[in-house]
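Engineer: Please find one structure pasted underneath; my questions will follow.
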Amino acid sequence: MMDDCIFCQIVAGDIPSRTVYEDDAVLAFLDANPLAPGHTLVIPKAHHETMADLPEDAASDVFAALHRLTPAVEAAVDAPASTVAFNNGEEAGQEVPHVHGHIVPRFSDDGGRPIHALFGDRPDLADDELADIATAIEDAA
Ligand code: AMP
Ligand code: ZN
């Protein structure tokens, strides 16, 4: 546990939350500032800041919980869809430095947009740049 981490304090029970799911490795609770009714956060109980810091078994546990909870959240608020996403790292807008997946219920009239709408101009990448990037990712994985 990281003493100054708000989500570690929720896991420890020092800060209240509206818990919707818990197992040995994962906690899920309602977001305190919801983007939609049912907006849920899914976190590993252990403190890891970003995806790169998260061990594979904890990542599997988090995804298993997301898989279980996404249809449950949608059903609870009668949503036909949801945006499931991680702000991964400060530059990507992550404000709480403890990995968390968002499940945000979506409705046809909610005025929200797809994740693609977060970005402005798209990079114009040549074939050889794409090939180099693909190789670099493959080598790093
Ligand atoms: P992010 O910007 O991805 O780091 O998202 C952090 C999320 O945590 C935001 O949606 C906040 O509303 C939410 N949040 C912050 N503090 C709490 C809290 N004490 N209980 C529940 N949700 C929280
Ligand atoms: Zn933490």
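Numbering starts fresh at 1 for the residues of each chain in the structure tokens, the chains themselves are lettered A, B, ... in the order given, and ligands are numbered from 1 as they appear.
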Residues at most 7 Å from ligand 2, using only C-alpha atoms and all ligand atoms? Could they come as an MDAnalysis selection string?
Structural biologist: chainID A and resid 1:2 5:8 46:48 97:98
Engineer: Would you mind listing what lies within 10 Å of region 20-22 of chain A as a ChimeraX atom specification, with only C-alpha atoms counted and same-chain residues fewer than 6 positions away left out?
Structural biologist: /A:11,28-30,40-45,65,68-69,72-73
Engineer: Check every protein, DNA and RNA residue against ligand 1, keep those with an atom at most 12 Å away (counting only C-alpha atoms and all ligand atoms), and present them as a PyMOL selection string.
Structural biologist: chain A and resi 5-11+13-20+27-36+38-43+49-50+84-104
Engineer: DSSP on the backbone: what in chain A comes out strand (DSSP E or B), as an mmCIF file with N, CA and C atoms, in the first residue's frame?
Structural biologist:
data_model
loop_
_atom_site.group_PDB
_atom_site.id
_atom_site.type_symbol
_atom_site.label_atom_id
_atom_site.label_comp_id
_atom_site.auth_asym_id
_atom_site.auth_seq_id
_atom_site.Cartn_x
_atom_site.Cartn_y
_atom_site.Cartn_z
ATOM 1 N N THR A 19 -18.624 0.172 -3.182
ATOM 2 C CA THR A 19 -18.047 -1.029 -3.788
ATOM 3 C C THR A 19 -19.119 -1.806 -4.537
ATOM 4 N N VAL A 20 -18.761 -2.263 -5.744
ATOM 5 C CA VAL A 20 -19.701 -3.077 -6.521
ATOM 6 C C VAL A 20 -19.159 -4.485 -6.754
ATOM 7 N N TYR A 21 -17.861 -4.692 -6.527
ATOM 8 C CA TYR A 21 -17.268 -6.017 -6.721
ATOM 9 C C TYR A 21 -15.929 -6.050 -5.990
ATOM 10 N N GLU A 22 -15.628 -7.238 -5.422
ATOM 11 C CA GLU A 22 -14.340 -7.398 -4.748
ATOM 12 C C GLU A 22 -13.920 -8.856 -4.814
ATOM 13 N N VAL A 26 -8.750 -7.698 -6.801
ATOM 14 C CA VAL A 26 -9.386 -6.570 -7.501
ATOM 15 C C VAL A 26 -10.493 -5.957 -6.663
ATOM 16 N N LEU A 27 -10.628 -4.632 -6.803
ATOM 17 C CA LEU A 27 -11.760 -3.925 -6.200
ATOM 18 C C LEU A 27 -12.405 -3.065 -7.288
ATOM 19 N N ALA A 28 -13.725 -3.024 -7.294
ATOM 20 C CA ALA A 28 -14.443 -2.151 -8.229
ATOM 21 C C ALA A 28 -15.452 -1.334 -7.444
ATOM 22 N N PHE A 29 -15.538 -0.045 -7.792
ATOM 23 C CA PHE A 29 -16.419 0.862 -7.050
ATOM 24 C C PHE A 29 -16.894 1.964 -7.979
ATOM 25 N N LEU A 30 -17.975 2.607 -7.572
ATOM 26 C CA LEU A 30 -18.516 3.699 -8.396
ATOM 27 C C LEU A 30 -17.575 4.895 -8.367
ATOM 28 N N THR A 40 -18.028 3.119 -13.377
ATOM 29 C CA THR A 40 -17.368 2.237 -12.406
ATOM 30 C C THR A 40 -15.864 2.205 -12.660
ATOM 31 N N LEU A 41 -15.094 2.136 -11.589
ATOM 32 C CA LEU A 41 -13.637 1.988 -11.682
ATOM 33 C C LEU A 41 -13.246 0.597 -11.210
ATOM 34 N N VAL A 42 -12.320 -0.018 -11.929
ATOM 35 C CA VAL A 42 -11.827 -1.349 -11.578
ATOM 36 C C VAL A 42 -10.326 -1.242 -11.339
ATOM 37 N N ILE A 43 -9.889 -1.611 -10.137
ATOM 38 C CA ILE A 43 -8.472 -1.427 -9.782
ATOM 39 C C ILE A 43 -7.870 -2.726 -9.232
ATOM 40 N N PRO A 44 -6.551 -2.907 -9.450
ATOM 41 C CA PRO A 44 -5.873 -3.955 -8.702
ATOM 42 C C PRO A 44 -5.758 -3.502 -7.249
ATOM 43 N N ALA A 81 -24.500 0.173 -24.384
ATOM 44 C CA ALA A 81 -23.080 0.133 -24.748
ATOM 45 C C ALA A 81 -22.268 0.764 -23.624
ATOM 46 N N SER A 82 -20.956 0.691 -23.764
ATOM 47 C CA SER A 82 -20.099 1.337 -22.762
ATOM 48 C C SER A 82 -18.749 1.650 -23.389
ATOM 49 N N THR A 83 -18.090 2.650 -22.835
ATOM 50 C CA THR A 83 -16.694 2.912 -23.171
ATOM 51 C C THR A 83 -15.859 2.357 -22.025
ATOM 52 N N VAL A 84 -14.939 1.455 -22.354
ATOM 53 C CA VAL A 84 -14.079 0.825 -21.348
ATOM 54 C C VAL A 84 -12.656 1.278 -21.658
ATOM 55 N N ALA A 85 -12.047 2.003 -20.722
ATOM 56 C CA ALA A 85 -10.784 2.651 -21.082
ATOM 57 C C ALA A 85 -9.895 2.900 -19.868
ATOM 58 N N GLY A 101 -9.238 0.894 -14.529
ATOM 59 C CA GLY A 101 -10.033 0.861 -15.751
ATOM 60 C C GLY A 101 -11.371 1.522 -15.493
ATOM 61 N N HIS A 102 -11.791 2.344 -16.465
ATOM 62 C CA HIS A 102 -13.108 2.992 -16.385
ATOM 63 C C HIS A 102 -14.111 2.172 -17.179
ATOM 64 N N ILE A 103 -15.275 1.922 -16.613
ATOM 65 C CA ILE A 103 -16.424 1.418 -17.376
ATOM 66 C C ILE A 103 -17.456 2.542 -17.361
ATOM 67 N N VAL A 104 -17.648 3.173 -18.520
ATOM 68 C CA VAL A 104 -18.581 4.302 -18.607
ATOM 69 C C VAL A 104 -19.762 3.884 -19.478
ATOM 70 N N PRO A 105 -20.940 3.713 -18.886
ATOM 71 C CA PRO A 105 -22.108 3.353 -19.691
ATOM 72 C C PRO A 105 -22.384 4.419 -20.748
ATOM 73 N N ARG A 106 -22.812 3.966 -21.935
ATOM 74 C CA ARG A 106 -23.073 4.881 -23.033
ATOM 75 C C ARG A 106 -24.508 4.715 -23.524
#
Engineer: What does the distance from CA of Ala58 (chain A) to CA of Asp23 (chain A) come to in Å, to one decimal?
Structural biologist: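 Atom-to-atom, CA of Ala58 (chain A) and CA of Asp23 (chain A) are spaced 11.8 Å apart.
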Engineer: One number please: CA of Ala76 (chain A) to CA of Pro37 (chain A), in Å, one decimal.
Structural biologist: 9.3 Å
